[in-house]
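Shown below: run_11.txt, with compact mmCIF, C-alpha atoms.
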```
# COMPACT_ATOMS: atom_id res chain seq x y z
CA MET A 1 0.00 0.00 0.00
CA GLY A 2 1.33 3.44 -0.92
CA LEU A 3 1.75 6.35 1.41
CA PHE A 4 -0.93 8.36 -0.42
CA THR A 5 -4.11 7.40 -2.22
CA ASN A 6 -4.74 8.65 -5.76
CA ASN A 7 -7.16 11.24 -4.48
CA GLU A 8 -4.64 12.44 -1.93
CA VAL A 9 -1.93 12.67 -4.62
CA LYS A 10 -4.26 14.65 -6.87
CA SER A 11 -4.97 17.03 -4.01
CA LEU A 12 -1.22 17.59 -3.59
CA TRP A 13 -0.64 18.48 -7.27
CA PRO A 14 -1.31 22.24 -6.86
CA ILE A 15 1.15 22.36 -3.98
CA ILE A 16 3.75 20.41 -5.99
CA HIS A 17 3.32 22.66 -9.03
CA ARG A 18 3.59 25.76 -6.84
CA LEU A 19 6.80 24.43 -5.26
CA GLU A 20 8.23 23.67 -8.72
CA ALA A 21 7.35 27.21 -9.85
CA ASP A 22 8.95 28.67 -6.74
CA TYR A 23 12.07 26.53 -7.32
CA ASP A 24 12.32 27.69 -10.94
CA ASP A 25 11.92 31.29 -9.83
CA ILE A 26 14.66 30.91 -7.19
CA ARG A 27 16.94 29.19 -9.69
CA ASN A 28 16.42 32.00 -12.22
CA GLN A 29 17.11 34.61 -9.56
CA LEU A 30 20.34 32.83 -8.62
CA LYS A 31 21.43 32.78 -12.27
CA GLU A 32 20.67 36.49 -12.52
CA PHE A 33 22.74 37.19 -9.41
CA GLU A 34 25.60 35.10 -10.78
CA LEU A 35 25.54 37.03 -14.06
CA LYS A 36 25.46 40.36 -12.24
CA ASP A 37 28.39 39.30 -10.08
CA LYS A 38 30.31 38.09 -13.12
CA TYR A 39 29.87 41.30 -15.11
CA GLN A 40 30.19 43.53 -12.04
CA LYS A 41 33.87 42.59 -11.96
CA ASN A 42 34.30 43.93 -15.52
CA ILE A 43 32.70 47.31 -14.89
CA ILE A 44 35.15 50.21 -15.36
CA THR A 45 34.10 53.72 -14.46
CA ALA A 46 35.01 56.69 -16.63
CA GLU A 47 37.34 57.95 -13.89
CA GLU A 48 39.12 54.57 -13.73
CA ALA A 49 39.46 54.48 -17.52
CA ALA A 50 40.98 57.96 -17.63
CA GLY A 51 43.36 57.04 -14.82
CA ARG A 52 44.53 53.90 -16.59
CA LEU A 53 45.14 55.78 -19.84
CA GLN A 54 47.12 58.44 -17.99
CA GLN A 55 49.21 55.74 -16.29
CA ILE A 56 49.94 54.08 -19.64
CA GLU A 57 51.07 57.39 -21.13
CA GLU A 58 53.27 58.22 -18.14
CA GLU A 59 54.96 54.80 -18.28
CA ALA A 60 55.51 55.07 -22.04
CA LEU A 61 56.83 58.66 -22.03
CA PRO A 62 60.50 58.01 -21.06
CA LYS A 63 61.00 55.52 -23.90
CA GLU A 64 59.09 57.67 -26.38
CA LEU A 65 61.14 60.71 -25.36
CA ASN A 66 64.33 58.73 -25.93
CA ASN A 67 63.13 57.68 -29.37
CA ALA A 68 62.19 61.28 -30.20
CA PHE A 69 65.66 62.52 -29.24
CA VAL A 70 67.26 59.84 -31.43
CA ALA A 71 65.08 61.00 -34.34
CA ILE A 72 65.96 64.64 -33.58
CA ASP A 73 69.68 63.85 -33.54
CA LYS A 74 69.42 62.14 -36.93
CA ALA A 75 67.44 65.05 -38.36
CA LEU A 76 70.07 67.50 -37.12
CA ASN A 77 72.85 65.44 -38.68
CA ASP A 78 70.89 65.60 -41.94
CA GLU A 79 70.65 69.40 -41.47
CA GLN A 80 66.86 69.41 -41.31
CA ASP A 81 65.11 72.48 -39.92
CA SER A 82 62.17 70.51 -38.64
CA LEU A 83 61.01 66.97 -37.94
CA ILE A 84 57.59 65.31 -38.11
CA LEU A 85 56.69 62.37 -35.87
CA PHE A 86 53.67 60.12 -36.49
CA GLU A 87 51.34 58.81 -33.80
CA TYR A 88 51.03 55.38 -35.47
CA THR A 89 53.05 53.29 -37.89
CA LYS A 90 52.03 50.40 -40.14
CA GLU A 91 53.67 47.07 -39.32
CA ASN A 92 53.53 43.71 -41.06
CA ASN A 93 51.72 41.19 -38.86
CA GLY A 94 52.14 38.11 -41.02
CA TYR A 95 50.48 37.10 -44.26
CA THR A 96 46.99 36.11 -45.40
CA ALA A 97 46.05 32.78 -46.99
CA PHE A 98 46.67 34.42 -50.37
CA ASP A 99 50.18 35.51 -49.33
CA PHE A 100 49.22 39.16 -49.00
CA PRO A 101 50.78 41.12 -46.11
CA ARG A 102 48.52 41.59 -43.11
CA TYR A 103 49.22 45.05 -41.73
CA GLU A 104 48.21 46.54 -38.40
CA MET A 105 48.56 50.06 -37.05
CA VAL A 106 50.86 50.25 -34.01
CA ARG A 107 51.16 53.27 -31.72
CA VAL A 108 54.60 54.88 -31.76
CA TYR A 109 54.03 58.03 -29.70
CA HIS A 110 51.46 59.53 -27.36
CA ILE A 111 51.71 62.78 -29.27
CA LYS A 112 50.16 65.20 -26.76
CA SER A 113 52.23 63.96 -23.81
CA LEU A 114 55.37 63.97 -25.94
CA ALA A 115 54.70 67.51 -27.14
CA GLU A 116 54.31 68.73 -23.56
CA ALA A 117 57.61 67.07 -22.58
CA LEU A 118 59.49 68.53 -25.57
CA ARG A 119 58.22 72.03 -24.78
CA LYS A 120 59.93 71.72 -21.39
CA TYR A 121 63.19 71.22 -23.30
CA GLY A 122 62.63 74.46 -25.20
CA TYR A 123 61.32 73.06 -28.48
CA ARG A 124 58.62 74.74 -30.53
CA VAL A 125 56.14 72.06 -31.53
CA ASP A 126 52.88 71.95 -33.44
CA ILE A 127 50.21 69.22 -33.43
CA TYR A 128 47.91 68.65 -36.38
CA ASP A 129 45.58 65.88 -37.53
CA PRO A 130 45.40 64.84 -41.22
CA GLU A 131 42.60 62.41 -40.21
CA ASP A 132 44.18 59.28 -41.63
CA ASP A 133 45.34 55.91 -40.27
CA TYR A 134 48.61 57.38 -38.99
CA GLY A 135 46.89 59.59 -36.41
CA LEU A 136 48.20 62.88 -35.06
CA ARG A 137 51.40 64.49 -36.33
CA LEU A 138 53.93 66.32 -34.20
CA LYS A 139 56.07 68.87 -36.00
CA ILE A 140 59.23 69.78 -34.11
CA CYS A 141 61.09 72.95 -35.04
CA LEU A 142 64.82 72.33 -34.71
CA ARG A 143 65.80 75.99 -34.70
CA GLY A 144 65.13 78.50 -31.95
CA GLU A 145 63.14 81.60 -32.80
CA GLY A 146 66.37 83.57 -33.03
CA ASN A 147 68.05 80.81 -35.06
CA LYS A 148 70.11 78.61 -32.70
CA LEU A 149 69.61 77.86 -29.04
CA GLU A 150 72.34 79.39 -26.91
CA SER A 151 73.92 77.91 -23.79
CA SER A 152 75.74 80.94 -22.39
CA LYS A 153 75.63 79.59 -18.83
CA ILE A 154 77.80 76.60 -19.75
CA ASP A 155 81.46 76.82 -18.81
CA PRO A 156 83.48 74.91 -21.42
CA ASP A 157 86.03 73.80 -18.81
CA LYS A 158 83.51 72.39 -16.33
CA LYS A 159 81.68 69.09 -16.22
CA TYR A 160 77.92 68.64 -16.18
CA ILE A 161 75.22 65.99 -15.90
CA LEU A 162 72.40 66.16 -18.44
CA PRO A 163 69.31 64.42 -16.97
CA MET A 164 66.38 63.87 -19.30
CA GLU A 165 63.20 65.13 -17.68
CA GLY A 166 60.62 62.43 -16.96
CA SER A 167 63.20 59.69 -17.31
CA ASP A 168 66.03 58.00 -15.40
CA ARG A 169 68.35 58.41 -18.37
CA PHE A 170 71.05 60.93 -19.16
CA ALA A 171 72.50 62.42 -22.33
CA LYS A 172 76.16 61.53 -22.80
CA LYS A 173 78.68 62.02 -25.57
CA ASP A 174 80.37 58.81 -26.67
CA LEU A 175 83.19 59.61 -29.11
CA ASP A 176 81.38 61.59 -31.83
CA LYS A 177 77.84 60.50 -30.98
CA TRP A 178 75.32 61.56 -28.35
CA ILE A 179 73.74 58.59 -26.59
CA PHE A 180 71.39 57.94 -23.67
CA ILE A 181 72.60 56.06 -20.60
CA GLY A 182 71.13 55.12 -17.25
CA ASP A 183 71.20 52.45 -14.57
CA GLY A 184 68.04 53.38 -12.66
CA ARG A 185 69.62 56.17 -10.60
CA THR A 186 67.87 59.50 -10.29
CA ALA A 187 69.60 62.76 -11.23
CA GLU A 188 70.26 63.46 -7.54
CA GLU A 189 71.79 60.01 -6.97
CA ALA A 190 73.95 60.33 -10.08
CA PHE A 191 75.09 63.79 -8.97
CA HIS A 192 76.13 62.60 -5.50
CA SER A 193 77.90 59.56 -6.95
CA THR A 194 79.80 61.79 -9.34
CA CYS A 195 80.84 64.30 -6.68
CA LEU A 196 81.69 61.81 -3.92
CA TYR A 197 83.48 59.19 -5.98
CA HIS A 198 84.64 61.33 -8.95
CA ASN A 199 82.68 58.97 -11.19
CA ASP A 200 82.52 60.29 -14.76
CA THR A 201 79.92 57.78 -15.95
CA PHE A 202 77.28 60.49 -16.38
CA THR A 203 79.42 63.58 -16.93
CA VAL A 204 79.69 65.69 -20.07
CA GLN A 205 82.34 68.30 -20.74
CA GLY A 206 80.99 71.84 -21.05
CA ARG A 207 82.66 72.42 -24.41
CA ASP A 208 80.90 69.33 -25.78
CA ILE A 209 77.54 70.76 -24.72
CA LEU A 210 78.34 74.09 -26.39
CA ASP A 211 79.26 72.25 -29.59
CA GLY A 212 76.34 69.85 -29.31
CA PRO A 213 73.01 69.82 -31.13
CA ASP A 214 70.10 72.01 -30.06
CA TRP A 215 68.32 69.29 -28.12
CA VAL A 216 71.42 68.79 -25.95
CA LYS A 217 71.65 72.53 -25.24
CA ALA A 218 67.97 72.52 -24.28
CA ILE A 219 68.53 70.07 -21.42
CA LYS A 220 68.87 71.78 -18.05
CA PRO A 221 72.44 70.92 -16.93
CA ILE A 222 73.62 70.09 -13.43
CA GLU A 223 77.13 71.37 -12.73
CA VAL A 224 79.43 68.82 -11.12
CA GLU A 225 81.51 70.01 -8.19
CA GLU A 226 85.08 68.80 -8.55
```
This entry written out as structure tokens:
Amino acid sequence: MGLFTNNEVKSLWPIIHRLEADYDDIRNQLKEFELKDKYQKNIITAEEAAGRLQQIEEEALPKELNNAFVAIDKALNDEQDSLILFEYTKENNGYTAFDFPRYEMVRVYHIKSLAEALRKYGYRVDIYDPEDDYGLRLKICLRGEGNKLESSKIDPDKKYILPMEGSDRFAKKDLDKWIFIGDGRTAEEAFHSTCLYHNDTFTVQGRDILDGPDWVKAIKPIEVEE
């Protein structure tokens, strides 16, 4: 004999159906909560997005500034009066099934941040947008308004350190070329090391600065006490 008669089972059907409906409703609510929790982790506010972009630009600036100075040095050696840098470049990212190159646009410079940094070094710069795949352009004037930049405060017989602003690197003359060096030390640490231990790793002779290109003269020098 069963626990319930047929009539008793029939009388329980509404309760059973209601429990099943309640269970389905609870299960759906749980799924909805799980989805909300899952996507809640991916929510980024506008303030967070702006902060992340600013952090990316700040971290990229030292390297981009180095690259810009290398390009400036080459332009000066070629006796150019100005230089144009592109925000993006086109790079080959493999080939298609038909053996055609597959190109992608890769960011080279954060133009606005770079322009602001170069202005601190005394450069006249201009930003314009041709509205193409290569993004913004930065035109750098390599001559001062009165022709050449002057470094009258430099003593040719003294030594100096030339720290690059926004970076832990320093300009240094190596034989006939200007290069960028650095080992993670700040300008203050490099200065104290030079003065205390007479370390010439970071030093540049004043006469070399006076004979150097405009971008070298634009760097604010730190005189070394001998």
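Minimum atom-to-atom distances from A:Phe86, A:Tyr95, A:Tyr109, A:Trp178 to Glu58 in chain A were compared using all atoms listed in the file, and the lowest value belongs to A:Tyr109.
Separating CA of Asp126 in chain A from CA of Asn66 in chain A is a distance of 19.0 Å.
Closest approach to Ala75 in chain A among A:Lys112, A:Arg143, A:Lys172, A:Arg137: A:Arg143, based on only C-alpha atoms.
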Residues within 12 Å of Tyr197 in chain A, please, as a PyMOL selection string. Count only C-alpha atoms; anything in the same chain fewer than 4 positions from it doesn't count. chain A and resi 189-193+201+224-226
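Candidate residues A:Ile127, A:Met164, A:Ile44, A:Val216 were compared for distance to Lys63 in chain A, and the nearest is A:Met164, using only C-alpha atoms.
From CA of Tyr88 in chain A back to CA of Arg107 in chain A, the distance works out to 4.3 Å.
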How many Å lie between CA of Glu188 in chain A and CA of Ile161 in chain A, rounded to one decimal? 10.0 Å
